[in-house]
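**Student:** Pasting in a structure now, in structure tokens, and then I'll have a few things to ask.
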Amino acid sequence: MTFGFASSPAGSTSSTGLSAASANPLARMLEPAEWAAAGIPLLRNPREVVSGLHSRHHPRPATAIVAVLDPDERLCASASFTRRPSPADGWMFRNVLLAQLRLVIPHDLRRRTPVRTAVLLYCREGDARWTEEDGAWMWGLRDACTLHGLRCGAYITLTRDGWQVLGEGRGGRRPNSDSTPEPFATSEAPPPIPRTGGAASEILRRAAAR
């Protein structure tokens with residue numbers, strides 16, 4: 001079951017629980033070496049995952065897609081949203097990712113061990129090299145997965161150069177941020193009409209007004 005969310009542009013998220021340490025955005029991002037050392041599970045077929053999300057959500061730069069995969073890497077649910085340019089902050093990204101996950105799939109907090117895995121694809125300008133924005137998305141994805149009872153999976157960037165699984169060195173030239181989405185396989189049902197991301201929009205709107 002897949003949902004698409006295209007929210008109106010906005011900025012950050014909720015306002016509770018900020019300590020002096022967490023008030024520093026630089027403390028809320030992960031370097032590539034930290035990400036690689038975190039034991040993130042490898043995707044068996046990353047191109048298939050990327051192509052499927054690209055076909056469903058048609059991302060343009062500044063679009064994030066969070067997707068939940070079952071143990072066989074079948075897509076359980078996904079949601080997409082757009083953010084406007086603002087300072088990269090893992091705490092902000094964590095909150096909006098968690099809001100999207102809560103909209104599209106029940107949590108797995110009652111399980112002793114996570115079964116489903118969340119992955120994040122972010123379409124952006126620039127090349128495939130790691131940026132501080134990528135580090136903030138990594139931090140946010142890891143934290144959102146912990147709070148929703150999911151395994152933290154791959155972080156993937158999509159640029160004009162193609163797609164890249166950060167921390168793994170795997171990637172490809174297609175799809176890319178300029179390419180036309182591939183048609184769905186005949187065995188797949190077409191995705192439902194995207195809904196507006198009301199929850200994400202409201203979270204980002206409130207944070208932008210702070």
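If you're wondering about the labels, chains in the structure tokens are A, B, ... by order shown, residues count from 1 in each chain, ligands from 1 in order shown.
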Please return, as a PyMOL selection string, all residues of region 23-185 of chain A that DSSP assigns to strand (DSSP E) on the basis of the backbone.
**Tutor:** chain A and resi 63-69+75-82+117-123+151-159+162-165+170-172
**Student:** Okay, now the selection with N, CA and C atoms, as an mmCIF file, in the first residue's frame?
**Tutor:**
```cif
data_model
loop_
_atom_site.group_PDB
_atom_site.id
_atom_site.type_symbol
_atom_site.label_atom_id
_atom_site.label_comp_id
_atom_site.auth_asym_id
_atom_site.auth_seq_id
_atom_site.Cartn_x
_atom_site.Cartn_y
_atom_site.Cartn_z
ATOM 1 N N THR A 63 12.598 17.053 -3.046
ATOM 2 C CA THR A 63 11.579 16.075 -2.670
ATOM 3 C C THR A 63 12.223 14.939 -1.893
ATOM 4 N N ALA A 64 11.641 14.603 -0.748
ATOM 5 C CA ALA A 64 12.080 13.456 0.047
ATOM 6 C C ALA A 64 11.018 12.369 -0.023
ATOM 7 N N ILE A 65 11.454 11.129 -0.145
ATOM 8 C CA ILE A 65 10.542 9.984 -0.162
ATOM 9 C C ILE A 65 10.990 9.024 0.926
ATOM 10 N N VAL A 66 10.121 8.768 1.894
ATOM 11 C CA VAL A 66 10.403 7.764 2.915
ATOM 12 C C VAL A 66 9.553 6.545 2.597
ATOM 13 N N ALA A 67 10.182 5.380 2.600
ATOM 14 C CA ALA A 67 9.497 4.140 2.222
ATOM 15 C C ALA A 67 9.790 3.054 3.245
ATOM 16 N N VAL A 68 8.807 2.199 3.474
ATOM 17 C CA VAL A 68 8.952 1.078 4.405
ATOM 18 C C VAL A 68 8.912 -0.219 3.613
ATOM 19 N N LEU A 69 9.931 -1.065 3.816
ATOM 20 C CA LEU A 69 10.060 -2.325 3.105
ATOM 21 C C LEU A 69 9.888 -3.493 4.068
ATOM 22 N N LEU A 75 7.608 -3.274 -1.045
ATOM 23 C CA LEU A 75 7.192 -1.979 -0.515
ATOM 24 C C LEU A 75 5.897 -2.110 0.273
ATOM 25 N N CYS A 76 5.917 -1.701 1.535
ATOM 26 C CA CYS A 76 4.715 -1.694 2.370
ATOM 27 C C CYS A 76 3.969 -0.367 2.252
ATOM 28 N N ALA A 77 4.701 0.724 2.267
ATOM 29 C CA ALA A 77 4.089 2.054 2.200
ATOM 30 C C ALA A 77 5.175 3.064 1.899
ATOM 31 N N SER A 78 4.767 4.195 1.349
ATOM 32 C CA SER A 78 5.727 5.277 1.110
ATOM 33 C C SER A 78 5.000 6.603 1.110
ATOM 34 N N ALA A 79 5.742 7.658 1.366
ATOM 35 C CA ALA A 79 5.177 8.998 1.368
ATOM 36 C C ALA A 79 6.245 9.966 0.895
ATOM 37 N N SER A 80 5.838 11.007 0.184
ATOM 38 C CA SER A 80 6.788 12.006 -0.283
ATOM 39 C C SER A 80 6.331 13.395 0.132
ATOM 40 N N PHE A 81 7.282 14.282 0.297
ATOM 41 C CA PHE A 81 6.971 15.658 0.664
ATOM 42 C C PHE A 81 8.107 16.540 0.188
ATOM 43 N N THR A 82 7.846 17.817 0.075
ATOM 44 C CA THR A 82 8.829 18.788 -0.398
ATOM 45 C C THR A 82 9.114 19.789 0.710
ATOM 46 N N THR A 117 11.889 -2.254 7.416
ATOM 47 C CA THR A 117 13.008 -1.328 7.252
ATOM 48 C C THR A 117 12.538 -0.071 6.537
ATOM 49 N N ALA A 118 12.950 1.081 7.029
ATOM 50 C CA ALA A 118 12.634 2.344 6.358
ATOM 51 C C ALA A 118 13.858 2.825 5.594
ATOM 52 N N VAL A 119 13.645 3.232 4.364
ATOM 53 C CA VAL A 119 14.699 3.824 3.553
ATOM 54 C C VAL A 119 14.263 5.229 3.147
ATOM 55 N N LEU A 120 15.228 6.062 2.836
ATOM 56 C CA LEU A 120 14.933 7.441 2.453
ATOM 57 C C LEU A 120 15.633 7.767 1.151
ATOM 58 N N LEU A 121 14.871 8.279 0.198
ATOM 59 C CA LEU A 121 15.430 8.777 -1.056
ATOM 60 C C LEU A 121 15.207 10.276 -1.089
ATOM 61 N N TYR A 122 16.294 11.016 -1.308
ATOM 62 C CA TYR A 122 16.191 12.476 -1.348
ATOM 63 C C TYR A 122 16.697 12.979 -2.692
ATOM 64 N N CYS A 123 15.840 13.686 -3.405
ATOM 65 C CA CYS A 123 16.177 14.264 -4.706
ATOM 66 C C CYS A 123 16.654 15.695 -4.470
ATOM 67 N N ARG A 151 13.741 -0.786 11.424
ATOM 68 C CA ARG A 151 15.175 -0.805 11.152
ATOM 69 C C ARG A 151 15.516 0.410 10.298
ATOM 70 N N CYS A 152 16.644 1.001 10.560
ATOM 71 C CA CYS A 152 17.104 2.115 9.742
ATOM 72 C C CYS A 152 17.786 1.550 8.509
ATOM 73 N N GLY A 153 17.254 1.897 7.344
ATOM 74 C CA GLY A 153 17.792 1.389 6.099
ATOM 75 C C GLY A 153 18.574 2.437 5.337
ATOM 76 N N ALA A 154 18.703 2.229 4.055
ATOM 77 C CA ALA A 154 19.582 3.020 3.206
ATOM 78 C C ALA A 154 19.118 4.469 3.068
ATOM 79 N N TYR A 155 20.102 5.348 2.906
ATOM 80 C CA TYR A 155 19.848 6.735 2.528
ATOM 81 C C TYR A 155 20.368 6.912 1.106
ATOM 82 N N ILE A 156 19.492 7.340 0.205
ATOM 83 C CA ILE A 156 19.796 7.396 -1.226
ATOM 84 C C ILE A 156 19.595 8.817 -1.721
ATOM 85 N N THR A 157 20.564 9.326 -2.464
ATOM 86 C CA THR A 157 20.392 10.629 -3.096
ATOM 87 C C THR A 157 20.096 10.435 -4.578
ATOM 88 N N LEU A 158 19.296 11.352 -5.099
ATOM 89 C CA LEU A 158 18.964 11.353 -6.525
ATOM 90 C C LEU A 158 19.307 12.737 -7.066
ATOM 91 N N THR A 159 20.262 12.796 -7.986
ATOM 92 C CA THR A 159 20.701 14.054 -8.572
ATOM 93 C C THR A 159 20.701 13.925 -10.088
ATOM 94 N N GLY A 162 22.551 10.908 -11.314
ATOM 95 C CA GLY A 162 21.982 9.580 -11.090
ATOM 96 C C GLY A 162 21.641 9.376 -9.626
ATOM 97 N N TRP A 163 21.613 8.119 -9.195
ATOM 98 C CA TRP A 163 21.306 7.804 -7.804
ATOM 99 C C TRP A 163 22.530 7.203 -7.133
ATOM 100 N N GLN A 164 22.588 7.394 -5.804
ATOM 101 C CA GLN A 164 23.748 6.940 -5.037
ATOM 102 C C GLN A 164 23.291 6.516 -3.655
ATOM 103 N N VAL A 165 23.657 5.289 -3.256
ATOM 104 C CA VAL A 165 23.400 4.830 -1.894
ATOM 105 C C VAL A 165 24.588 5.276 -1.053
ATOM 106 N N ARG A 170 27.396 2.311 -3.973
ATOM 107 C CA ARG A 170 26.611 1.766 -5.082
ATOM 108 C C ARG A 170 25.720 2.853 -5.662
ATOM 109 N N GLY A 171 25.561 2.834 -6.977
ATOM 110 C CA GLY A 171 24.737 3.843 -7.619
ATOM 111 C C GLY A 171 24.557 3.532 -9.093
ATOM 112 N N GLY A 172 23.901 4.428 -9.795
ATOM 113 C CA GLY A 172 23.663 4.245 -11.216
ATOM 114 C C GLY A 172 23.270 5.571 -11.848
#
```
**Student:** Report, in Å to a single decimal, how far apart CA of Leu97 (chain A) and CA of Leu109 (chain A) are.
**Tutor:**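 For CA of Leu109 (chain A) relative to CA of Leu97 (chain A), the distance reads 16.3 Å.
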**Student:** Could you give me, as a list in words, each residue of region 117-158 of chain A that DSSP assigns to alpha helix (DSSP H) when run on this structure's backbone?
**Tutor:** Glu132, Glu133, Asp134, Gly135, Ala136, Trp137, Met138, Trp139, Gly140, Leu141, Arg142, Asp143, Ala144, Cys145, Thr146, Leu147 and His148 of chain A
**Student:** Could you make a table, as JSON lines, of the residues of region 96-201 of chain A that have an atom within 12 Å of an atom of region 28-35 of chain A, each with its nearest atom pair and distance in Å to one decimal, counting only C-alpha atoms, in chain and number order?
**Tutor:**
```
{"residue": "A:Arg129", "atom": "CA", "partner": "A:Pro32", "partner_atom": "CA", "distance": 10.1}
{"residue": "A:Trp130", "atom": "CA", "partner": "A:Pro32", "partner_atom": "CA", "distance": 7.3}
{"residue": "A:Thr131", "atom": "CA", "partner": "A:Glu31", "partner_atom": "CA", "distance": 9.0}
{"residue": "A:Glu132", "atom": "CA", "partner": "A:Met29", "partner_atom": "CA", "distance": 7.1}
{"residue": "A:Glu133", "atom": "CA", "partner": "A:Met29", "partner_atom": "CA", "distance": 8.0}
{"residue": "A:Asp134", "atom": "CA", "partner": "A:Met29", "partner_atom": "CA", "distance": 7.9}
{"residue": "A:Gly135", "atom": "CA", "partner": "A:Met29", "partner_atom": "CA", "distance": 4.4}
{"residue": "A:Ala136", "atom": "CA", "partner": "A:Met29", "partner_atom": "CA", "distance": 4.1}
{"residue": "A:Trp137", "atom": "CA", "partner": "A:Met29", "partner_atom": "CA", "distance": 7.3}
{"residue": "A:Met138", "atom": "CA", "partner": "A:Leu30", "partner_atom": "CA", "distance": 6.1}
{"residue": "A:Trp139", "atom": "CA", "partner": "A:Met29", "partner_atom": "CA", "distance": 5.0}
{"residue": "A:Gly140", "atom": "CA", "partner": "A:Met29", "partner_atom": "CA", "distance": 7.8}
{"residue": "A:Leu141", "atom": "CA", "partner": "A:Met29", "partner_atom": "CA", "distance": 10.3}
{"residue": "A:Arg142", "atom": "CA", "partner": "A:Trp35", "partner_atom": "CA", "distance": 9.5}
{"residue": "A:Asp143", "atom": "CA", "partner": "A:Arg28", "partner_atom": "CA", "distance": 10.0}
{"residue": "A:Cys152", "atom": "CA", "partner": "A:Trp35", "partner_atom": "CA", "distance": 10.5}
{"residue": "A:Gly153", "atom": "CA", "partner": "A:Trp35", "partner_atom": "CA", "distance": 10.5}
{"residue": "A:Ala154", "atom": "CA", "partner": "A:Trp35", "partner_atom": "CA", "distance": 9.6}
{"residue": "A:Tyr155", "atom": "CA", "partner": "A:Trp35", "partner_atom": "CA", "distance": 9.4}
{"residue": "A:Val165", "atom": "CA", "partner": "A:Pro32", "partner_atom": "CA", "distance": 11.0}
{"residue": "A:Leu166", "atom": "CA", "partner": "A:Pro32", "partner_atom": "CA", "distance": 7.3}
{"residue": "A:Gly167", "atom": "CA", "partner": "A:Pro32", "partner_atom": "CA", "distance": 5.8}
{"residue": "A:Glu168", "atom": "CA", "partner": "A:Pro32", "partner_atom": "CA", "distance": 9.5}
{"residue": "A:Gly169", "atom": "CA", "partner": "A:Pro32", "partner_atom": "CA", "distance": 10.8}
```
**Student:** Determine the nearest neighbour of Asn45 (chain A) from the options A:Arg94, A:Arg74, A:His148, A:Arg111, counting only C-alpha atoms.
**Tutor:**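 Using only C-alpha atoms, the shortest distance to Asn45 (chain A) belongs to A:Arg74.
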**Student:** For Glu125 (chain A), please output as a list in words all residues within 8 Å (counting only C-alpha atoms; exclusion window: fewer than 3 positions along the same chain).
**Tutor:**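 Neighbouring residues, sequence-local ones excluded: Pro61, Ala62, Thr159 and Arg160 of chain A.
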